[in-house]
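S.K.: One file is attached below, input-v7.cif, containing mmCIF, C-alpha atoms and all ligand atoms.
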data_start
#
loop_
_atom_site.group_PDB
_atom_site.id
_atom_site.type_symbol
_atom_site.label_atom_id
_atom_site.label_comp_id
_atom_site.auth_asym_id
_atom_site.auth_seq_id
_atom_site.Cartn_x
_atom_site.Cartn_y
_atom_site.Cartn_z
ATOM 1 C CA MET A 1 0.000 0.000 0.000
ATOM 2 C CA THR A 2 1.257 3.498 -0.809
ATOM 3 C CA ALA A 3 1.958 5.595 2.285
ATOM 4 C CA GLN A 4 -0.085 8.806 2.523
ATOM 5 C CA LEU A 5 1.500 11.941 3.915
ATOM 6 C CA ASP A 6 -0.604 13.892 6.371
ATOM 7 C CA PRO A 7 -2.612 16.547 4.470
ATOM 8 C CA ARG A 8 -2.774 18.494 7.748
ATOM 9 C CA GLY A 9 1.024 18.690 7.910
ATOM 10 C CA ASP A 10 2.641 22.112 7.524
ATOM 11 C CA VAL A 11 6.093 20.989 6.390
ATOM 12 C CA ALA A 12 7.615 20.455 2.943
ATOM 13 C CA VAL A 13 10.875 18.515 2.862
ATOM 14 C CA LEU A 14 13.296 18.997 -0.032
ATOM 15 C CA VAL A 15 15.682 16.104 -0.622
ATOM 16 C CA PRO A 16 18.671 16.962 -2.817
ATOM 17 C CA ALA A 17 19.742 13.584 -4.208
ATOM 18 C CA ALA A 18 21.471 14.534 -7.461
ATOM 19 C CA GLY A 19 25.087 14.275 -6.308
ATOM 20 C CA ALA A 20 27.596 11.880 -7.858
ATOM 21 C CA GLY A 21 29.148 10.599 -4.652
ATOM 22 C CA VAL A 22 32.732 11.093 -5.820
ATOM 23 C CA ARG A 23 34.086 10.624 -2.288
ATOM 24 C CA LEU A 24 32.269 7.289 -2.011
ATOM 25 C CA GLY A 25 34.174 6.003 -5.037
ATOM 26 C CA PRO A 26 33.125 4.796 -8.504
ATOM 27 C CA GLY A 27 29.567 3.582 -9.004
ATOM 28 C CA ALA A 28 25.998 4.785 -9.388
ATOM 29 C CA PRO A 29 24.980 8.261 -8.172
ATOM 30 C CA LYS A 30 25.292 8.125 -4.364
ATOM 31 C CA ALA A 31 21.577 8.364 -3.547
ATOM 32 C CA LEU A 32 20.962 5.229 -5.607
ATOM 33 C CA ARG A 33 23.671 3.108 -4.012
ATOM 34 C CA LEU A 34 22.541 0.276 -1.805
ATOM 35 C CA LEU A 35 22.500 0.212 1.970
ATOM 36 C CA ALA A 36 21.236 -3.092 3.395
ATOM 37 C CA GLY A 37 19.751 -3.880 -0.033
ATOM 38 C CA GLU A 38 17.890 -0.605 -0.607
ATOM 39 C CA PRO A 39 18.991 2.698 -2.160
ATOM 40 C CA LEU A 40 20.090 5.410 0.294
ATOM 41 C CA LEU A 41 17.283 7.594 -1.050
ATOM 42 C CA VAL A 42 14.637 5.015 -0.140
ATOM 43 C CA HIS A 43 15.931 4.894 3.444
ATOM 44 C CA ALA A 44 15.943 8.687 3.658
ATOM 45 C CA VAL A 45 12.464 9.203 2.186
ATOM 46 C CA ARG A 46 10.911 6.450 4.303
ATOM 47 C CA ARG A 47 12.119 8.148 7.482
ATOM 48 C CA ILE A 48 11.013 11.617 6.355
ATOM 49 C CA ALA A 49 7.547 10.312 5.464
ATOM 50 C CA ALA A 50 7.244 8.817 8.956
ATOM 51 C CA ALA A 51 7.399 12.292 10.532
ATOM 52 C CA PRO A 52 3.810 13.360 11.266
ATOM 53 C CA SER A 53 4.303 17.040 10.285
ATOM 54 C CA VAL A 54 5.349 16.245 6.729
ATOM 55 C CA HIS A 55 2.872 17.316 4.045
ATOM 56 C CA THR A 56 5.065 17.308 0.918
ATOM 57 C CA ILE A 57 8.339 15.705 -0.157
ATOM 58 C CA VAL A 58 10.240 16.935 -3.222
ATOM 59 C CA VAL A 59 13.299 14.992 -4.399
ATOM 60 C CA ALA A 60 15.922 16.451 -6.748
ATOM 61 C CA ALA A 61 17.250 13.422 -8.647
ATOM 62 C CA PRO A 62 20.131 13.058 -11.094
ATOM 63 C CA ALA A 63 18.731 14.394 -14.389
ATOM 64 C CA THR A 64 19.080 11.038 -16.169
ATOM 65 C CA GLU A 65 17.392 9.136 -13.322
ATOM 66 C CA VAL A 66 14.166 11.099 -12.775
ATOM 67 C CA GLU A 67 11.825 8.393 -14.085
ATOM 68 C CA ALA A 68 13.722 5.611 -12.308
ATOM 69 C CA VAL A 69 13.599 7.540 -9.032
ATOM 70 C CA ARG A 70 9.835 8.144 -9.418
ATOM 71 C CA ALA A 71 9.281 4.429 -9.886
ATOM 72 C CA MET A 72 11.585 3.559 -7.006
ATOM 73 C CA LEU A 73 9.863 5.886 -4.542
ATOM 74 C CA ALA A 74 6.255 5.229 -5.589
ATOM 75 C CA PRO A 75 5.831 2.329 -3.119
ATOM 76 C CA VAL A 76 7.588 4.286 -0.333
ATOM 77 C CA ALA A 77 5.724 7.615 -0.125
ATOM 78 C CA PRO A 78 4.002 10.167 -2.348
ATOM 79 C CA VAL A 79 6.834 12.356 -3.675
ATOM 80 C CA THR A 80 7.458 14.880 -6.414
ATOM 81 C CA VAL A 81 10.679 14.222 -8.320
ATOM 82 C CA VAL A 82 12.475 16.968 -10.269
ATOM 83 C CA PRO A 83 15.834 17.008 -12.063
ATOM 84 C CA GLY A 84 18.659 18.307 -9.874
ATOM 85 C CA GLY A 85 21.481 20.655 -10.884
ATOM 86 C CA ALA A 86 25.255 20.655 -11.110
ATOM 87 C CA GLU A 87 25.667 21.928 -7.525
ATOM 88 C CA ARG A 88 23.709 21.041 -4.400
ATOM 89 C CA GLN A 89 22.424 24.618 -4.219
ATOM 90 C CA ALA A 90 20.917 24.322 -7.730
ATOM 91 C CA SER A 91 19.287 21.013 -6.800
ATOM 92 C CA VAL A 92 17.719 22.599 -3.715
ATOM 93 C CA ALA A 93 16.501 25.577 -5.777
ATOM 94 C CA ALA A 94 14.870 23.216 -8.301
ATOM 95 C CA ALA A 95 13.099 21.299 -5.532
ATOM 96 C CA LEU A 96 12.013 24.498 -3.792
ATOM 97 C CA ALA A 97 10.396 25.736 -7.004
ATOM 98 C CA ALA A 98 8.233 22.587 -7.061
ATOM 99 C CA VAL A 99 6.712 22.990 -3.565
ATOM 100 C CA PRO A 100 2.955 23.544 -3.886
ATOM 101 C CA ALA A 101 1.051 26.283 -2.041
ATOM 102 C CA GLY A 102 0.360 25.278 1.561
ATOM 103 C CA PRO A 103 3.389 24.333 3.653
ATOM 104 C CA GLU A 104 4.955 27.396 5.290
ATOM 105 C CA ILE A 105 7.852 25.464 6.813
ATOM 106 C CA VAL A 106 10.470 24.060 4.437
ATOM 107 C CA LEU A 107 13.168 21.605 5.498
ATOM 108 C CA VAL A 108 16.176 20.780 3.343
ATOM 109 C CA HIS A 109 17.586 17.314 3.908
ATOM 110 C CA ASP A 110 20.428 15.351 2.280
ATOM 111 C CA ALA A 111 19.556 11.969 0.761
ATOM 112 C CA ALA A 112 23.038 11.051 1.972
ATOM 113 C CA ARG A 113 21.846 11.273 5.615
ATOM 114 C CA ALA A 114 19.833 8.132 5.035
ATOM 115 C CA LEU A 115 19.368 7.045 8.671
ATOM 116 C CA THR A 116 18.096 10.378 10.021
ATOM 117 C CA PRO A 117 15.351 9.575 12.532
ATOM 118 C CA PRO A 118 11.852 11.067 12.048
ATOM 119 C CA HIS A 119 12.065 12.737 15.474
ATOM 120 C CA LEU A 120 14.873 14.984 14.184
ATOM 121 C CA VAL A 121 12.603 16.117 11.324
ATOM 122 C CA GLU A 122 9.960 16.909 13.942
ATOM 123 C CA SER A 123 12.284 18.786 16.305
ATOM 124 C CA VAL A 124 13.672 21.016 13.535
ATOM 125 C CA ALA A 125 10.149 21.732 12.240
ATOM 126 C CA ALA A 126 8.934 22.460 15.781
ATOM 127 C CA ALA A 127 11.676 25.050 16.299
ATOM 128 C CA VAL A 128 10.662 26.862 13.079
ATOM 129 C CA ARG A 129 7.004 26.650 14.152
ATOM 130 C CA ASP A 130 8.040 28.217 17.476
ATOM 131 C CA GLY A 131 9.163 31.342 15.592
ATOM 132 C CA HIS A 132 12.744 30.728 14.487
ATOM 133 C CA ASP A 133 13.374 31.727 10.853
ATOM 134 C CA ALA A 134 16.172 29.233 10.307
ATOM 135 C CA VAL A 135 17.089 26.147 12.332
ATOM 136 C CA ILE A 136 19.992 23.706 11.991
ATOM 137 C CA PRO A 137 20.690 20.454 13.854
ATOM 138 C CA VAL A 138 24.223 20.369 15.227
ATOM 139 C CA LEU A 139 26.598 18.179 17.200
ATOM 140 C CA PRO A 140 29.540 19.316 19.295
ATOM 141 C CA VAL A 141 32.962 18.858 17.699
ATOM 142 C CA VAL A 142 34.579 15.874 19.409
ATOM 143 C CA ASP A 143 38.158 16.090 18.133
ATOM 144 C CA THR A 144 40.845 18.581 19.035
ATOM 145 C CA ILE A 145 41.019 21.020 16.102
ATOM 146 C CA LYS A 146 44.286 22.457 14.773
ATOM 147 C CA GLU A 147 44.762 25.269 12.284
ATOM 148 C CA VAL A 148 47.577 24.528 9.799
ATOM 149 C CA ASP A 149 49.403 26.355 7.030
ATOM 150 C CA ALA A 150 49.881 25.217 3.409
ATOM 151 C CA THR A 151 52.752 22.933 4.470
ATOM 152 C CA GLU A 152 50.654 21.257 7.174
ATOM 153 C CA ARG A 153 52.626 22.998 9.928
ATOM 154 C CA VAL A 154 50.419 23.629 12.929
ATOM 155 C CA LEU A 155 49.629 27.289 13.506
ATOM 156 C CA GLY A 156 47.594 26.758 16.637
ATOM 157 C CA THR A 157 44.804 24.972 18.481
ATOM 158 C CA VAL A 158 41.294 26.234 17.833
ATOM 159 C CA ASP A 159 38.822 26.733 20.704
ATOM 160 C CA ARG A 160 36.303 24.028 19.816
ATOM 161 C CA SER A 161 33.828 25.011 22.537
ATOM 162 C CA ALA A 162 32.338 27.473 20.037
ATOM 163 C CA LEU A 163 32.351 25.082 17.053
ATOM 164 C CA ARG A 164 29.490 22.873 15.888
ATOM 165 C CA SER A 165 29.255 20.148 13.277
ATOM 166 C CA VAL A 166 26.219 20.852 11.094
ATOM 167 C CA GLN A 167 23.686 18.294 9.865
ATOM 168 C CA THR A 168 20.422 18.261 7.988
ATOM 169 C CA PRO A 169 17.441 18.597 7.897
ATOM 170 C CA GLN A 170 17.815 22.357 8.089
ATOM 171 C CA GLY A 171 14.492 24.128 8.595
ATOM 172 C CA PHE A 172 13.291 27.517 7.380
ATOM 173 C CA ARG A 173 10.270 29.717 7.244
ATOM 174 C CA ARG A 174 9.372 29.269 3.589
ATOM 175 C CA SER A 175 9.612 32.944 2.646
ATOM 176 C CA VAL A 176 13.089 33.153 4.228
ATOM 177 C CA LEU A 177 14.419 30.218 2.198
ATOM 178 C CA VAL A 178 12.848 31.493 -1.032
ATOM 179 C CA ALA A 179 14.409 34.943 -0.525
ATOM 180 C CA ALA A 180 17.805 33.452 0.333
ATOM 181 C CA HIS A 181 17.847 31.336 -2.841
ATOM 182 C CA ARG A 182 16.651 34.272 -4.933
ATOM 183 C CA SER A 183 19.629 36.363 -3.746
ATOM 184 C CA ALA A 184 22.131 33.486 -3.797
ATOM 185 C CA GLY A 185 25.510 34.149 -5.358
ATOM 186 C CA ASP A 186 28.310 31.570 -5.412
ATOM 187 C CA ALA A 187 27.180 28.070 -4.485
ATOM 188 C CA LEU A 188 27.475 27.281 -0.775
ATOM 189 C CA THR A 189 27.465 23.827 0.808
ATOM 190 C CA ASP A 190 24.363 24.413 2.923
ATOM 191 C CA ASP A 191 21.179 26.469 2.946
ATOM 192 C CA ALA A 192 21.764 28.022 6.357
ATOM 193 C CA GLY A 193 24.849 29.619 4.797
ATOM 194 C CA LEU A 194 22.629 31.402 2.264
ATOM 195 C CA VAL A 195 20.312 32.607 5.008
ATOM 196 C CA GLU A 196 23.245 33.812 7.134
ATOM 197 C CA LYS A 197 24.334 35.962 4.179
ATOM 198 C CA GLN A 198 20.953 37.711 4.393
ATOM 199 C CA GLY A 199 21.758 38.666 7.997
ATOM 200 C CA ILE A 200 19.056 36.367 9.349
ATOM 201 C CA ALA A 201 19.650 34.579 12.653
ATOM 202 C CA VAL A 202 20.167 30.826 12.454
ATOM 203 C CA THR A 203 19.291 28.789 15.558
ATOM 204 C CA CYS A 204 20.865 25.462 16.559
ATOM 205 C CA VAL A 205 19.004 22.456 17.957
ATOM 206 C CA PRO A 206 20.576 19.158 19.054
ATOM 207 C CA GLY A 207 21.392 16.882 16.109
ATOM 208 C CA SER A 208 21.582 13.094 16.056
ATOM 209 C CA GLU A 209 24.505 10.742 15.512
ATOM 210 C CA LEU A 210 22.156 8.708 13.298
ATOM 211 C CA ALA A 211 21.967 11.685 10.931
ATOM 212 C CA LEU A 212 25.560 11.035 9.842
ATOM 213 C CA LYS A 213 26.256 11.950 6.229
ATOM 214 C CA ILE A 214 27.313 8.952 4.138
ATOM 215 C CA THR A 215 30.272 10.517 2.370
ATOM 216 C CA ARG A 216 33.103 7.971 2.290
ATOM 217 C CA PRO A 217 33.154 4.140 2.161
ATOM 218 C CA PHE A 218 33.656 3.979 5.947
ATOM 219 C CA ASP A 219 30.377 5.884 6.479
ATOM 220 C CA LEU A 220 28.483 3.408 4.303
ATOM 221 C CA ALA A 221 29.971 0.480 6.242
ATOM 222 C CA LEU A 222 29.072 2.185 9.531
ATOM 223 C CA ALA A 223 25.486 2.824 8.398
ATOM 224 C CA GLU A 224 25.177 -0.804 7.263
ATOM 225 C CA HIS A 225 26.403 -1.967 10.675
ATOM 226 C CA LEU A 226 23.993 0.348 12.497
ATOM 227 C CA LEU A 227 21.056 -0.943 10.437
ATOM 228 C CA THR A 228 21.883 -4.609 10.619
ATOM 229 C CA THR A 229 22.571 -4.538 14.375
ATOM 230 C CA GLY A 230 19.470 -2.442 15.070
ATOM 231 C CA ALA A 231 21.589 0.190 16.819
HETATM 232 N N1 LIG A 301 24.690 18.595 -7.640
HETATM 233 C C1 LIG A 301 24.314 18.070 -6.479
HETATM 234 C C2 LIG A 301 25.265 17.716 -5.482
HETATM 235 C C3 LIG A 301 24.817 17.155 -4.297
HETATM 236 N N2 LIG A 301 23.488 16.924 -4.127
HETATM 237 C C4 LIG A 301 23.009 16.255 -2.912
HETATM 238 O O1 LIG A 301 23.378 16.964 -1.752
HETATM 239 C C5 LIG A 301 23.519 16.059 -0.665
HETATM 240 C C6 LIG A 301 24.800 16.340 0.112
HETATM 241 O O2 LIG A 301 25.885 16.256 -0.782
HETATM 242 P P1 LIG A 301 27.123 15.281 -0.591
HETATM 243 O O3 LIG A 301 26.914 14.299 0.450
HETATM 244 O O4 LIG A 301 28.323 16.134 -0.567
HETATM 245 O O5 LIG A 301 26.960 14.419 -1.962
HETATM 246 P P2 LIG A 301 27.773 14.400 -3.288
HETATM 247 O O6 LIG A 301 27.892 15.764 -3.889
HETATM 248 O O7 LIG A 301 27.116 13.349 -4.102
HETATM 249 O O8 LIG A 301 29.196 13.867 -2.780
HETATM 250 P P3 LIG A 301 30.623 14.067 -3.457
HETATM 251 O O9 LIG A 301 31.034 15.487 -3.139
HETATM 252 O O10 LIG A 301 31.461 13.047 -2.764
HETATM 253 O O11 LIG A 301 30.465 13.825 -4.941
HETATM 254 C C7 LIG A 301 23.479 14.640 -1.248
HETATM 255 O O12 LIG A 301 22.279 14.002 -0.883
HETATM 256 C C8 LIG A 301 23.613 14.868 -2.732
HETATM 257 O O13 LIG A 301 22.920 13.914 -3.541
HETATM 258 C C9 LIG A 301 22.564 17.291 -5.117
HETATM 259 O O14 LIG A 301 21.365 17.085 -4.951
HETATM 260 N N3 LIG A 301 23.002 17.873 -6.274
HETATM 261 C C1 LIG A 302 24.410 20.409 3.915
HETATM 262 C C2 LIG A 302 25.462 19.634 4.628
HETATM 263 O O1 LIG A 302 25.059 18.292 4.760
HETATM 264 C C3 LIG A 302 25.615 20.178 6.020
HETATM 265 O O2 LIG A 302 26.513 19.439 6.736
HETATM 266 C C4 LIG A 302 26.795 19.666 3.938
HETATM 267 O O3 LIG A 302 27.303 20.943 3.961
HETATM 268 C C5 LIG A 302 26.788 19.039 2.554
HETATM 269 O O4 LIG A 302 27.904 19.235 1.765
HETATM 270 P P1 LIG A 302 29.463 18.839 1.965
HETATM 271 O O5 LIG A 302 30.104 19.250 0.691
HETATM 272 O O6 LIG A 302 29.574 17.359 2.155
HETATM 273 O O7 LIG A 302 29.948 19.589 3.146
#
Kindly transcribe the structure held in the file into structure tokens.
Ligand SMILES: Nc1ccn([C@@H]2O[C@H](COP(=O)(O)OP(=O)(O)OP(=O)(O)O)[C@@H](O)[C@H]2O)c(=O)n1
Ligand SMILES: C[C@](O)(CO)[C@H](O)COP(=O)(O)O
M.R.:
Amino acid sequence: MTAQLDPRGDVAVLVPAAGAGVRLGPGAPKALRLLAGEPLLVHAVRRIAAAPSVHTIVVAAPATEVEAVRAMLAPVAPVTVVPGGAERQASVAAALAAVPAGPEIVLVHDAARALTPPHLVESVAAAVRDGHDAVIPVLPVVDTIKEVDATERVLGTVDRSALRSVQTPQGFRRSVLVAAHRSAGDALTDDAGLVEKQGIAVTCVPGSELALKITRPFDLALAEHLLTTGA
């Protein structure tokens, strides 16, 4: 049976999934690679659709894979699939343009964060609903951080107490995200960066270790272990 998203939900989730996955090594586009027998994108969308606030999901797929991705996600959840762009920012902009009237909260989530729990989607959305224009899930930095020069000589030790590692989903009041993308210049790696450039405050909420981004082969192996051991 096809899952139905809640028509009373007030949240649209954009899922940029058009990246190549160069750091993962040769193979299919990253969102289509298998984790415990299913594409990363299927894992990600299933978890997003399980969050009760979600009204709409828009996926930005690799341009050559749009039809395949539609077919793949049809049994998982109702989704709109659009072609992504050459940079993540362009993929997000394409997905944002496809959000129908209705949801006033927009979350942007990486397909590569395939194990992100539904409660993180809810907590980011709740913080936007509470009045924050822009919300990001973060984790403290656990390693000692050094600043180095071009020859890898250490220049100093950075105070990590003020540093945070940033995850997705990142949540925005819809009008704030639309304005930030409209004024976007050079491509940035995340949407909060665009909003920061507009001088708008970005608020942090606690992230989740399960929202790890599958970037390198080790991350995929770790995610596989987490899934198969039920961690
Ligand atoms: N042109 C792009 C590039 C990235 N993404 C998406 O943005 C998310 C975060 O990007 P990242 O994990 O860096 O993925 P890739 O760009 O695929 O990785 P790499 O840099 O290793 O190629 C991913 O879900 C990816 O599919 C996208 O939709 N369109
Ligand atoms: C959006 C993001 O996931 C936040 O951590 C990240 O910036 C994606 O891009 P990156 O190139 O892997 O940093």
S.K.: For ligand LIG 301 (chain A), list the contacting residues at 7 Å or closer, counting all atoms listed in the file, as a list in words.
M.R.: Val15, Pro16, Ala17, Ala18, Gly19, Ala20, Gly21, Val22, Arg23, Leu24, Pro29, Lys30, Ala31, Ala60, Ala61, Gly84, Gly85, Ala86, Glu87, Arg88, Ala90, Ser91, Val92, Asp110, Ala111, Ala112, Lys213, Ile214 and Thr215 of chain A
S.K.: Evaluating the PyMOL selection byres (((not hetatm)) within 6 of (chain A and resi 302)) on the displayed file yields which residues, as a VMD selection string?
M.R.: chain A and resid 166 to 168 189 to 190
S.K.: List, as a compact mmCIF listing (two decimals) with C-alpha atoms, keeping the file's coordinate frame, every residue that the PyMOL selection byres (((chain A and resi 144) around 12) and not hetatm) selects in the file provided.
M.R.:
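Done, and the output landed in selection-v7.txt:
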# COMPACT_ATOMS: atom_id res chain seq x y z
CA PRO A 140 29.54 19.32 19.30
CA VAL A 141 32.96 18.86 17.70
CA VAL A 142 34.58 15.87 19.41
CA ASP A 143 38.16 16.09 18.13
CA ILE A 145 41.02 21.02 16.10
CA LYS A 146 44.29 22.46 14.77
CA GLU A 147 44.76 25.27 12.28
CA GLY A 156 47.59 26.76 16.64
CA THR A 157 44.80 24.97 18.48
CA VAL A 158 41.29 26.23 17.83
CA ASP A 159 38.82 26.73 20.70
CA ARG A 160 36.30 24.03 19.82
CA SER A 161 33.83 25.01 22.54
CA LEU A 163 32.35 25.08 17.05
S.K.: For the atom pair CA of Leu120 in chain A and CA of Ala184 in chain A, what is the interatomic distance in Å to one decimal place?
M.R.: 26.8 Å
S.K.: Find the spatial neighbours of range 195-207 of chain A, counting all atoms listed in the file, within a cut-off of 7 Å - ignore same-chain residues fewer than 5 positions away - and output them as a list in words.
M.R.: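 Final neighbour list, sorted by chain and number: His132, Ala134, Val135, Ile136, Pro137, Val138, Leu139, Gln167, Leu177 and Ala180 of chain A.
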S.K.: Save the residues we just selected, C-alpha atoms, as a PDB file, in the coordinates of the input?
M.R.:
ATOM      1  CA  HIS A 132      12.744  30.728  14.487  1.00  0.00           C
ATOM      2  CA  ALA A 134      16.172  29.233  10.307  1.00  0.00           C
ATOM      3  CA  VAL A 135      17.089  26.147  12.332  1.00  0.00           C
ATOM      4  CA  ILE A 136      19.992  23.706  11.991  1.00  0.00           C
ATOM      5  CA  PRO A 137      20.690  20.454  13.854  1.00  0.00           C
ATOM      6  CA  VAL A 138      24.223  20.369  15.227  1.00  0.00           C
ATOM      7  CA  LEU A 139      26.598  18.179  17.200  1.00  0.00           C
ATOM      8  CA  GLN A 167      23.686  18.294   9.865  1.00  0.00           C
ATOM      9  CA  LEU A 177      14.419  30.218   2.198  1.00  0.00           C
ATOM     10  CA  ALA A 180      17.805  33.452   0.333  1.00  0.00           C
TER      11      ALA A 180
END
S.K.: Give me the result of the PyMOL selection byres (((chain A and resi 70) around 12) and not hetatm) on this file, residue by residue, as an MDAnalysis selection string.
M.R.: chainID A and resid 41:42 45 58:69 71:83
S.K.: Kindly indicate which residue among A:Pro217, A:Gly230, A:Gly27, A:Pro103 lies nearest to Ser175 in chain A, using all atoms listed in the file for the distances.
M.R.: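 Comparing A:Pro217, A:Gly230, A:Gly27, A:Pro103 against Ser175 in chain A, the winner is A:Pro103.
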S.K.: Considering all atoms listed in the file, can you say which of A:Ala179, A:Ala28, A:His109, A:Pro39 comes closest to Leu194 in chain A?
M.R.: A:Ala179
S.K.: In terms of the shortest atom-to-atom distance over only C-alpha atoms, which of A:Arg216, A:Gln170, A:Leu188, A:Leu227 is closest to Glu38 in chain A?
M.R.: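 The answer is A:Leu227, which sits nearest to Glu38 in chain A.
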S.K.: Would you pick out the contacts of Arg174 in chain A at 6 Å or less, using all atoms listed in the file, so that residues sharing its chain but fewer than 5 positions from it are not included, and give the list as a ChimeraX atom specification?
M.R.: /A:104-106
S.K.: Could you turn the residues from that selection into a file that holds C-alpha atoms, as a PDB file, in the coordinates of the input?
M.R.:
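Output contents, as saved in result.pdb:
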ATOM      1  CA  GLU A 104       4.955  27.396   5.290  1.00  0.00           C
ATOM      2  CA  ILE A 105       7.852  25.464   6.813  1.00  0.00           C
ATOM      3  CA  VAL A 106      10.470  24.060   4.437  1.00  0.00           C
TER       4      VAL A 106
END
S.K.: How many Å lie between CA of Asp6 in chain A and CA of Pro100 in chain A, rounded to one decimal?
M.R.: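 Computing the Euclidean distance for CA of Asp6 in chain A and CA of Pro100 in chain A yields 14.5 Å.
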S.K.: Work out how far CA of Glu209 in chain A is from CA of Arg173 in chain A, in Å to one decimal.
M.R.: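 It comes out at 25.1 Å.
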S.K.: Can you work out which one of A:Ala150, A:Arg8, A:Phe172, A:Ala223 has the shortest atom-to-atom distance to Asp130 in chain A, counting only C-alpha atoms?
M.R.: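 Checking each of A:Ala150, A:Arg8, A:Phe172, A:Ala223 against Asp130 in chain A, counting only C-alpha atoms, the winner is A:Phe172.
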S.K.: Identify which of the residues A:Pro52, A:Leu35, A:Leu40, A:Ser165 lies closest to Ala126 in chain A, counting all atoms listed in the file when measuring atom-to-atom distances.
M.R.: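 Residue with the minimum atom-to-atom distance to Ala126 in chain A: A:Pro52.
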S.K.: Of the candidates A:Val148, A:Leu115, A:Ala162, A:Ala51, which one gets nearest to Leu212 in chain A if we count all atoms listed in the file?
M.R.: A:Leu115
